[in-house]
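Source file data-v9.csv; content: CSV, C-alpha atoms.
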chain,number,residue,atom,x,y,z
B,1,MET,CA,103.3,87.0,86.1
B,2,GLU,CA,106.5,87.7,84.3
B,3,THR,CA,109.4,89.1,86.5
B,4,VAL,CA,111.2,92.2,85.2
B,5,PRO,CA,115.0,91.9,85.4
B,6,LEU,CA,116.9,94.8,86.9
B,7,PRO,CA,117.9,97.1,84.1
B,8,THR,CA,121.3,98.8,83.5
B,9,LEU,CA,122.3,102.1,82.0
B,10,PRO,CA,124.8,102.3,79.1
B,11,PRO,CA,128.2,104.0,79.7
B,12,ARG,CA,128.5,107.5,78.5
B,13,LYS,CA,130.4,108.4,75.4
B,14,ALA,CA,133.3,110.7,75.5
B,15,ASP,CA,131.8,113.2,73.1
B,16,SER,CA,128.4,113.4,74.7
B,17,HIS,CA,126.6,116.6,75.9
B,18,LYS,CA,123.7,117.4,78.2
B,19,GLY,CA,121.2,117.1,75.4
B,20,ASP,CA,122.0,113.4,75.1
B,21,TYR,CA,120.7,112.6,78.6
B,22,GLY,CA,117.2,113.8,78.6
B,23,LYS,CA,115.2,116.9,79.4
B,24,VAL,CA,113.0,116.6,82.4
B,25,LEU,CA,110.2,119.0,83.4
B,26,VAL,CA,109.2,119.0,87.1
B,27,ILE,CA,105.7,120.4,87.6
B,28,ALA,CA,105.4,120.8,91.3
B,29,GLY,CA,105.3,123.1,94.3
B,30,SER,CA,103.1,125.6,95.9
B,31,GLU,CA,103.4,128.4,98.5
B,32,THR,CA,103.5,126.0,101.4
B,33,MET,CA,105.4,123.2,99.6
B,34,ILE,CA,108.6,124.9,98.4
B,35,GLY,CA,110.9,122.0,99.0
B,36,ALA,CA,109.1,119.4,96.9
B,37,PRO,CA,110.0,120.8,93.4
B,38,GLY,CA,113.6,121.4,94.4
B,39,LEU,CA,114.1,117.9,95.8
B,40,THR,CA,112.4,116.3,92.7
B,41,ALA,CA,114.7,118.2,90.4
B,42,LEU,CA,117.8,117.4,92.4
B,43,GLY,CA,116.8,113.7,92.3
B,44,ALA,CA,116.5,113.9,88.5
B,45,LEU,CA,119.9,115.7,88.1
B,46,ARG,CA,121.7,113.3,90.4
B,47,ALA,CA,120.2,110.4,88.5
B,48,GLY,CA,121.9,111.7,85.4
B,49,SER,CA,119.5,114.1,83.6
B,50,GLY,CA,121.2,116.5,81.3
B,51,LEU,CA,118.7,119.3,81.8
B,52,VAL,CA,115.9,119.8,84.3
B,53,ARG,CA,113.4,122.6,84.4
B,54,ILE,CA,110.9,123.4,87.1
B,55,ALA,CA,107.3,124.7,86.5
B,56,THR,CA,106.2,126.2,89.7
B,57,PRO,CA,104.2,129.3,90.9
B,58,LYS,CA,106.1,132.6,90.2
B,59,GLU,CA,106.1,133.6,93.8
B,60,ILE,CA,108.2,130.7,95.0
B,61,ILE,CA,110.7,130.5,92.1
B,62,PRO,CA,113.6,132.3,93.9
B,63,ALA,CA,113.3,129.9,96.9
B,64,VAL,CA,113.0,126.8,94.7
B,65,LEU,CA,116.0,127.7,92.6
B,66,THR,CA,117.9,128.3,95.8
B,67,ILE,CA,117.3,124.7,96.7
B,68,CYS,CA,118.2,123.5,93.2
B,69,PRO,CA,120.2,126.2,91.4
B,70,TYR,CA,121.1,123.8,88.6
B,71,ALA,CA,117.6,124.0,87.2
B,72,THR,CA,115.7,126.7,85.3
B,73,ALA,CA,112.2,127.7,86.0
B,74,PHE,CA,108.9,128.3,84.2
B,75,PRO,CA,106.3,130.3,86.1
B,76,TRP,CA,103.0,128.6,85.8
B,77,ALA,CA,99.5,129.7,86.9
B,78,ALA,CA,96.0,128.6,86.2
B,79,THR,CA,95.8,131.3,83.5
B,80,ARG,CA,98.9,129.9,81.7
B,81,ILE,CA,98.0,126.2,81.4
B,82,LYS,CA,98.0,126.3,77.6
B,83,GLU,CA,101.5,127.8,77.6
B,84,LEU,CA,102.7,125.2,80.1
B,85,LEU,CA,101.3,122.4,77.8
B,86,GLN,CA,103.3,123.8,74.9
B,87,PHE,CA,106.4,124.0,77.1
B,88,ALA,CA,105.9,120.4,78.3
B,89,ASP,CA,106.1,119.2,74.8
B,90,GLN,CA,109.8,120.2,74.6
B,91,HIS,CA,110.8,117.6,77.3
B,92,ASP,CA,111.4,113.9,77.3
B,93,ALA,CA,109.7,113.2,80.6
B,94,LEU,CA,107.5,115.0,83.1
B,95,ALA,CA,107.4,114.6,86.9
B,96,VAL,CA,104.1,115.9,88.1
B,97,GLY,CA,102.5,116.4,91.5
B,98,PRO,CA,104.8,116.9,94.5
B,99,GLY,CA,103.6,119.7,96.6
B,100,LEU,CA,101.2,121.0,93.9
B,101,GLY,CA,98.1,121.1,96.0
B,102,THR,CA,94.6,120.2,94.8
B,103,SER,CA,93.1,123.6,93.9
B,104,PRO,CA,90.7,123.9,90.9
B,105,GLY,CA,93.6,125.3,88.8
B,106,VAL,CA,95.8,122.3,89.7
B,107,LYS,CA,92.9,119.9,88.9
B,108,ARG,CA,92.5,121.5,85.5
B,109,LEU,CA,96.3,121.4,84.9
B,110,VAL,CA,96.6,117.7,85.8
B,111,LEU,CA,93.6,116.7,83.6
B,112,GLU,CA,94.9,118.8,80.6
B,113,LEU,CA,98.3,117.2,80.9
B,114,ILE,CA,97.0,113.7,80.9
B,115,GLU,CA,94.6,114.3,78.0
B,116,ARG,CA,96.8,116.5,75.8
B,117,HIS,CA,100.4,115.7,76.6
B,118,HIS,CA,101.2,112.3,75.1
B,119,GLY,CA,104.7,111.9,76.2
B,120,PRO,CA,105.7,109.9,79.3
B,121,MET,CA,105.2,111.3,82.8
B,122,VAL,CA,105.5,110.3,86.4
B,123,LEU,CA,102.4,111.1,88.5
B,124,ASP,CA,103.0,111.4,92.3
B,125,ALA,CA,101.4,113.0,95.4
B,126,ASP,CA,98.9,115.7,94.5
B,127,ALA,CA,98.6,114.6,90.9
B,128,LEU,CA,97.3,111.2,92.3
B,129,ASN,CA,95.1,113.0,94.8
B,130,VAL,CA,93.5,114.9,91.9
B,131,LEU,CA,92.7,111.7,90.2
B,132,ALA,CA,91.4,110.1,93.4
B,133,GLY,CA,88.9,113.0,93.8
B,134,LEU,CA,87.4,112.7,90.3
B,135,GLU,CA,83.8,111.7,89.6
B,136,PRO,CA,83.6,108.9,87.0
B,137,SER,CA,82.5,111.4,84.3
B,138,GLU,CA,85.5,113.6,84.9
B,139,TRP,CA,88.1,110.9,84.3
B,140,PRO,CA,90.6,112.1,81.6
B,141,LYS,CA,90.6,110.5,78.2
B,142,ARG,CA,94.0,109.4,77.0
B,143,ARG,CA,94.9,107.0,74.2
B,144,ASN,CA,98.0,105.6,75.9
B,145,TRP,CA,98.2,105.2,79.7
B,146,GLY,CA,101.1,102.8,79.3
B,147,ASN,CA,103.7,105.6,79.5
B,148,ILE,CA,102.4,107.0,82.7
B,149,VAL,CA,104.0,105.9,86.0
B,150,MET,CA,102.0,106.3,89.2
B,151,THR,CA,103.9,106.2,92.4
B,152,PRO,CA,101.3,106.0,95.3
B,153,HIS,CA,102.1,105.3,98.9
B,154,THR,CA,99.5,103.1,100.7
B,155,GLY,CA,97.0,105.9,101.6
B,156,GLU,CA,97.2,107.4,98.1
B,157,TYR,CA,96.7,103.9,96.6
B,158,MET,CA,93.5,103.3,98.6
B,159,ARG,CA,92.0,106.6,97.6
B,160,LEU,CA,93.0,106.2,94.0
B,161,MET,CA,91.8,102.6,93.8
B,162,ALA,CA,88.4,103.7,95.2
B,163,ALA,CA,88.0,106.2,92.4
B,164,VAL,CA,89.1,103.6,89.8
B,165,MET,CA,86.5,101.1,91.0
B,166,LYS,CA,83.9,103.8,91.3
B,167,ARG,CA,84.2,104.6,87.7
B,168,GLY,CA,83.7,101.0,86.8
B,169,ALA,CA,87.1,99.9,85.5
B,170,ASN,CA,87.2,96.4,84.2
B,171,VAL,CA,88.9,94.9,87.2
B,172,SER,CA,87.8,93.0,90.3
B,173,LEU,CA,89.3,92.2,93.6
B,174,ALA,CA,88.6,88.5,93.0
B,175,ALA,CA,90.3,88.5,89.7
B,176,ALA,CA,93.4,89.9,91.3
B,177,GLY,CA,93.4,87.1,93.9
B,178,VAL,CA,92.7,89.4,96.9
B,179,MET,CA,89.0,89.3,97.5
B,180,GLY,CA,89.2,86.4,99.9
B,181,SER,CA,92.5,87.2,101.6
B,182,GLU,CA,92.1,89.0,104.9
B,183,ASP,CA,95.9,89.3,105.1
B,184,VAL,CA,96.1,91.3,101.9
B,185,TRP,CA,92.8,93.2,101.8
B,186,GLY,CA,90.8,93.5,105.0
B,187,GLU,CA,87.1,93.8,104.9
B,188,ALA,CA,87.2,97.5,105.8
B,189,ALA,CA,89.7,98.2,103.0
B,190,LYS,CA,87.4,96.4,100.5
B,191,ALA,CA,84.6,98.6,101.6
B,192,GLU,CA,86.7,101.7,101.1
B,193,ALA,CA,87.8,100.7,97.7
B,194,LYS,CA,84.2,99.9,96.7
B,195,GLU,CA,82.4,102.8,98.4
B,196,ALA,CA,85.2,105.2,99.3
B,197,ALA,CA,83.7,105.4,102.7
B,198,SER,CA,85.0,102.9,105.2
B,199,THR,CA,88.0,103.1,107.5
B,200,PRO,CA,90.5,100.2,107.5
B,201,LYS,CA,90.7,98.1,110.5
B,202,LYS,CA,93.4,98.8,113.1
B,203,LYS,CA,95.6,95.8,112.5
B,204,ARG,CA,99.0,95.2,111.1
B,205,SER,CA,98.4,95.5,107.3
B,206,LEU,CA,100.2,97.2,104.5
B,207,VAL,CA,96.8,98.4,103.1
B,208,GLU,CA,95.9,100.6,106.1
B,209,ASP,CA,95.4,104.2,105.2
B,210,ASP,CA,98.8,105.9,105.5
B,211,ALA,CA,100.0,103.9,108.6
B,212,PRO,CA,102.6,102.7,109.0
B,213,SER,CA,103.9,104.8,106.1
B,214,THR,CA,105.2,108.4,106.2
B,215,ALA,CA,103.7,111.0,103.9
B,216,ASP,CA,106.2,109.8,101.3
B,217,GLY,CA,105.2,106.2,101.6
B,218,ILE,CA,108.3,104.6,103.1
B,219,ALA,CA,107.1,102.0,105.5
B,220,LEU,CA,108.2,102.2,109.1
B,221,ASP,CA,109.0,98.7,110.1
B,222,LEU,CA,111.1,96.8,112.6
B,223,PRO,CA,114.7,96.5,111.3
B,224,GLU,CA,115.9,93.0,110.6
B,225,GLU,CA,118.5,93.1,113.3
B,226,THR,CA,116.0,93.9,116.1
B,227,SER,CA,115.2,90.2,116.9
B,228,ALA,CA,118.9,89.4,116.9
B,229,GLN,CA,119.6,92.1,119.4
B,230,VAL,CA,116.9,90.9,121.9
B,231,PRO,CA,118.8,87.9,123.3
B,232,GLU,CA,121.5,90.2,124.7
B,233,ALA,CA,119.8,90.1,128.1
B,234,ILE,CA,120.9,92.0,131.1
B,235,GLU,CA,121.4,89.5,133.9
B,236,ASN,CA,120.5,91.9,136.7
B,237,GLY,CA,117.1,92.6,138.1
B,238,GLY,CA,115.0,90.0,136.2
B,239,GLN,CA,115.6,91.7,132.9
B,240,LYS,CA,116.4,88.4,131.1
B,241,SER,CA,112.8,87.2,131.5
B,242,LYS,CA,111.3,90.5,130.2
B,243,ILE,CA,113.6,90.5,127.2
B,244,ARG,CA,112.7,86.8,126.5
B,245,ASN,CA,109.0,87.8,126.4
B,246,GLN,CA,109.8,90.7,124.1
B,247,LYS,CA,111.6,88.4,121.8
B,248,SER,CA,108.6,86.1,121.7
B,249,LYS,CA,106.3,88.9,120.8
B,250,ILE,CA,108.6,90.0,118.0
B,251,GLU,CA,108.9,86.6,116.5
B,252,ASN,CA,105.2,86.0,116.6
B,253,LEU,CA,104.4,89.1,114.6
B,254,PRO,CA,102.4,88.1,111.4
B,255,SER,CA,104.4,88.1,108.2
B,256,GLU,CA,103.8,91.0,105.8
B,257,PRO,CA,101.2,90.3,103.0
B,258,ASP,CA,102.2,90.2,99.4
B,259,ARG,CA,101.1,93.5,97.9
B,260,THR,CA,101.6,92.5,94.3
B,261,PRO,CA,97.9,91.8,93.7
B,262,LEU,CA,97.1,95.3,94.9
B,263,ALA,CA,99.5,97.0,92.6
B,264,GLU,CA,98.5,94.8,89.7
B,265,LEU,CA,94.8,95.7,90.3
B,266,LEU,CA,95.5,99.5,90.0
B,267,ALA,CA,97.8,98.9,87.0
B,268,ARG,CA,95.1,97.0,85.1
B,269,GLY,CA,92.4,99.4,86.2
B,270,THR,CA,94.2,102.4,84.8
B,271,GLY,CA,96.5,100.9,82.1
B,272,SER,CA,99.4,102.6,83.8
B,273,ILE,CA,102.6,101.4,85.5
B,274,VAL,CA,102.2,101.4,89.3
B,275,VAL,CA,105.0,101.8,91.9
B,276,LEU,CA,103.3,100.9,95.2
B,277,LYS,CA,105.8,102.4,97.6
B,278,GLY,CA,106.7,101.0,101.0
B,279,HIS,CA,108.8,98.2,102.4
B,280,ARG,CA,109.5,95.9,99.4
B,281,THR,CA,108.1,98.4,96.8
B,282,VAL,CA,106.1,96.7,94.1
B,283,ILE,CA,106.5,97.8,90.5
B,284,THR,CA,104.1,96.4,87.8
B,285,ASP,CA,102.3,97.2,84.6
B,286,GLY,CA,99.7,94.5,85.3
B,287,SER,CA,101.4,91.7,83.6
B,288,ARG,CA,105.1,92.1,84.6
B,289,VAL,CA,106.3,92.7,88.1
B,290,ALA,CA,109.4,93.5,90.2
B,291,ILE,CA,109.8,93.6,93.9
B,292,ASN,CA,112.4,96.0,95.2
B,293,THR,CA,114.7,94.7,98.0
B,294,THR,CA,116.8,97.8,98.6
B,295,GLY,CA,116.1,100.5,101.2
B,296,ASN,CA,115.7,100.8,104.9
B,297,PRO,CA,113.5,102.4,107.6
B,298,ALA,CA,115.8,105.4,107.9
B,299,MET,CA,114.4,106.5,104.5
B,300,ALA,CA,111.1,107.3,106.2
B,301,THR,CA,111.8,111.0,105.9
B,302,ALA,CA,110.1,113.9,104.3
B,303,GLY,CA,111.0,114.4,100.7
B,304,SER,CA,112.1,110.8,100.0
B,305,GLY,CA,109.2,110.2,97.7
B,306,ASP,CA,109.9,113.4,95.8
B,307,VAL,CA,113.4,112.2,95.1
B,308,LEU,CA,112.1,108.9,93.8
B,309,THR,CA,109.8,110.7,91.4
B,310,GLY,CA,112.7,112.7,90.0
B,311,ILE,CA,114.8,109.6,89.6
B,312,ILE,CA,112.2,107.7,87.6
B,313,ALA,CA,111.5,110.7,85.4
B,314,SER,CA,115.3,111.0,84.8
B,315,PHE,CA,115.7,107.4,83.7
B,316,ILE,CA,112.7,107.8,81.3
B,317,GLY,CA,114.4,110.9,79.9
B,318,GLN,CA,117.6,108.7,79.4
B,319,ARG,CA,115.6,106.5,77.1
B,320,LEU,CA,114.7,103.7,79.4
B,321,ALA,CA,111.1,102.3,78.9
B,322,PRO,CA,108.8,103.6,81.7
B,323,LEU,CA,108.5,100.2,83.4
B,324,GLU,CA,112.3,99.6,83.4
B,325,ALA,CA,112.8,103.2,84.6
B,326,ALA,CA,110.5,102.6,87.5
B,327,VAL,CA,112.2,99.3,88.4
B,328,LEU,CA,115.7,100.8,88.2
B,329,GLY,CA,114.6,104.0,90.0
B,330,ALA,CA,113.2,102.1,93.0
B,331,HIS,CA,116.4,100.0,93.2
B,332,VAL,CA,118.9,102.9,93.1
B,333,HIS,CA,116.7,105.0,95.4
B,334,GLY,CA,116.8,102.3,98.0
B,335,HIS,CA,120.5,101.5,97.4
B,336,ALA,CA,121.3,105.2,97.9
B,337,GLY,CA,119.3,105.2,101.1
B,338,ASP,CA,121.3,102.2,102.3
B,339,LEU,CA,124.5,104.0,101.5
B,340,ALA,CA,123.3,107.1,103.2
B,341,ARG,CA,122.3,105.2,106.4
B,342,ASN,CA,125.6,103.4,106.5
B,343,ALA,CA,127.5,106.6,106.2
B,344,PHE,CA,126.2,107.6,109.6
B,345,ALA,CA,125.5,104.3,111.5
B,346,LYS,CA,123.5,101.2,111.1
B,347,ASN,CA,119.8,101.9,111.8
B,348,ALA,CA,120.6,105.7,111.6
B,349,ILE,CA,117.8,107.9,112.7
B,350,GLY,CA,117.6,111.5,111.3
B,351,LEU,CA,118.4,110.8,107.7
B,352,LEU,CA,117.4,113.6,105.3
B,353,SER,CA,116.2,113.2,101.8
B,354,THR,CA,119.2,115.2,100.6
B,355,ASP,CA,121.4,112.5,102.2
B,356,ILE,CA,119.8,110.0,99.8
B,357,ILE,CA,120.4,112.4,96.8
B,358,HIS,CA,124.1,112.7,97.6
B,359,GLN,CA,124.5,109.0,97.4
B,360,LEU,CA,122.8,108.5,94.0
B,361,PRO,CA,125.8,108.7,91.8
B,362,THR,CA,127.5,105.9,93.8
B,363,ALA,CA,124.3,103.8,93.7
B,364,ILE,CA,123.9,104.3,90.0
B,365,ALA,CA,127.5,103.4,89.3
B,366,ALA,CA,126.8,99.8,90.2
B,367,ARG,CA,124.2,99.7,87.4
B,368,ILE,CA,126.3,101.0,84.6
B,369,GLU,CA,127.0,98.4,81.8
B,370,PRO,CA,130.7,97.4,81.8

Same coordinates, now as structure tokens:
Amino acid sequence: METVPLPTLPPRKADSHKGDYGKVLVIAGSETMIGAPGLTALGALRAGSGLVRIATPKEIIPAVLTICPYATAFPWAATRIKELLQFADQHDALAVGPGLGTSPGVKRLVLELIERHHGPMVLDADALNVLAGLEPSEWPKRRNWGNIVMTPHTGEYMRLMAAVMKRGANVSLAAAGVMGSEDVWGEAAKAEAKEAASTPKKKRSLVEDDAPSTADGIALDLPEETSAQVPEAIENGGQKSKIRNQKSKIENLPSEPDRTPLAELLARGTGSIVVLKGHRTVITDGSRVAINTTGNPAMATAGSGDVLTGIIASFIGQRLAPLEAAVLGAHVHGHAGDLARNAFAKNAIGLLSTDIIHQLPTAIAARIEP
């Protein structure tokens, strides 16, 4: 599979204005998920979007705009889907799903967007959950899925892959090179993907349903320096032997499986670009792939995935191709997370998604063409 090089952004011209850097529409939020649209919009703005608008229920607009006062709002409701579709056509990229819920109105909105809005969009969270809950006959018809970016964490991936296979997509686990690999796709996970019924085995695997990820799909894993810290034994009270045993257990942990075939499977099954989130996020369109190496466990915090959705949509709005936008988005998201962690302390605990947002300009500066 061809490897995607890490993209760059062009420098900005002296006479540019906000219209030159993309209009992004964030379609997100619900009564109990007020933060999601604001964080997505902030991610897009900090990633360089010239203009961001938020489509969200009327009742929560004041709270959402308090979180992100730099955006403007469009009040959407199940009775205003046609108006929202027309409004969406005025934008260069859409970010759809964070905190939307999965009500019948949301389901109709997501399906209408996929079928009728032909511009690029990033689907995350509840937009993916809507697709995962569809019967084969309900699957939306769309001419071009290649400008859709899906950003599932592991649990969302499993549910979505089950729906894709249920509808009879022209993919197979064997073709992706994973049917016979217990490390990559355990028997229980195969059964869930085929029948949407089984529960994955309780073992260390990156295809377990949600664990060890957070709700935003950032894998919780042992930091690299953990094993290096173990030999610092305390001489008193027999602690040295205990720590030696602990070190042995850590060193004998199985290596993490390559999740590339899993992401490739979903990309080919849907025709879309897939960002399979977690430790070493995989980005692929089914024939080209990139593995992200930035980021750290401190980013396992609520809202981190919403920020990534906004970043990718922002880069699409700035005229990057969707695959390149996803590759660069994952990279700068992780780099900003590394900068945010280091601003506090190595292996910082208690990082907020807004800490990541604040570091985005610095992370992006390293990817501007000279």

#### Entry: Polymer residues at most 12 Å from Gly101 (chain B), all atoms listed in the file, same-chain spacing of 5 or more positions, as a ChimeraX atom specification
/B:27-34,36,56-57,96,106-110,124-130

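With only C-alpha atoms as the atoms that count, the minimum distance from Arg341 (chain B) to the choices B:Thr362, B:Ser314, B:Thr151, B:Asn296 is reached by B:Asn296.
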
Once you count only C-alpha atoms, which residues end up no further than 8 Å from (110.3, 122.1, 85.4) in the file's frame, shown as a tab-separated table (two decimals) with C-alpha atoms, in the coordinates of the input?
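Ended up saving to selection20.tsv:
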chain	number	residue	atom	x	y	z
B	24	VAL	CA	113.00	116.60	82.40
B	25	LEU	CA	110.20	119.00	83.40
B	26	VAL	CA	109.20	119.00	87.10
B	27	ILE	CA	105.70	120.40	87.60
B	28	ALA	CA	105.40	120.80	91.30
B	41	ALA	CA	114.70	118.20	90.40
B	52	VAL	CA	115.90	119.80	84.30
B	53	ARG	CA	113.40	122.60	84.40
B	54	ILE	CA	110.90	123.40	87.10
B	55	ALA	CA	107.30	124.70	86.50
B	56	THR	CA	106.20	126.20	89.70
B	71	ALA	CA	117.60	124.00	87.20
B	72	THR	CA	115.70	126.70	85.30
B	73	ALA	CA	112.20	127.70	86.00
B	74	PHE	CA	108.90	128.30	84.20
B	94	LEU	CA	107.50	115.00	83.10

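In this comparison, which uses all atoms listed in the file, the residue of B:Gln90, B:Ile364, B:Val149, B:Ala163 approaching Ala325 (chain B) most closely is B:Val149.
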
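Of the residues under consideration (B:Gly317, B:Pro37, B:Pro152, B:Pro69), B:Pro152 shows the shortest atom-to-atom contact distance to Val282 (chain B) when counting all atoms listed in the file.
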
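Separating CA of Lys58 (chain B) from CA of Met121 (chain B) is a distance of 22.6 Å.
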
### Task
Tell me, as a VMD selection string, which residues lie within 10 Å of Thr293 (chain B), counting only C-alpha atoms; anything in the same chain fewer than 6 positions away does not count.
chain B and resid 279 to 282 330 to 331 334 to 335

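Computed from the coordinates, the CA of Lys13 (chain B) to CA of Leu308 (chain B) distance equals 26.0 Å.
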
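Proximity ranking of B:Val122, B:Val164, B:Met299, B:Leu113 relative to Thr40 (chain B) places B:Val122 first, based on all atoms listed in the file.
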
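Nearest residue to Pro120 (chain B), choosing from B:Pro261, B:Pro62, B:Gly146, B:Gly269 and counting all atoms listed in the file: B:Gly146.
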
### Query
Out of B:Glu264, B:Glu369, B:Glu156, B:Glu83, which residue has the shortest atom-to-atom distance to Met1 (chain B) when counting only C-alpha atoms?
B:Glu264

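Coordinates place CA of Leu100 (chain B) at a distance of 25.0 Å from CA of Arg143 (chain B).
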
### Query
Need the neighbours of (100.2, 102.0, 96.7): which residues are at most 7 Å away, counting only C-alpha atoms, as a ChimeraX atom specification?
/B:152-154,156-157,263,275-277
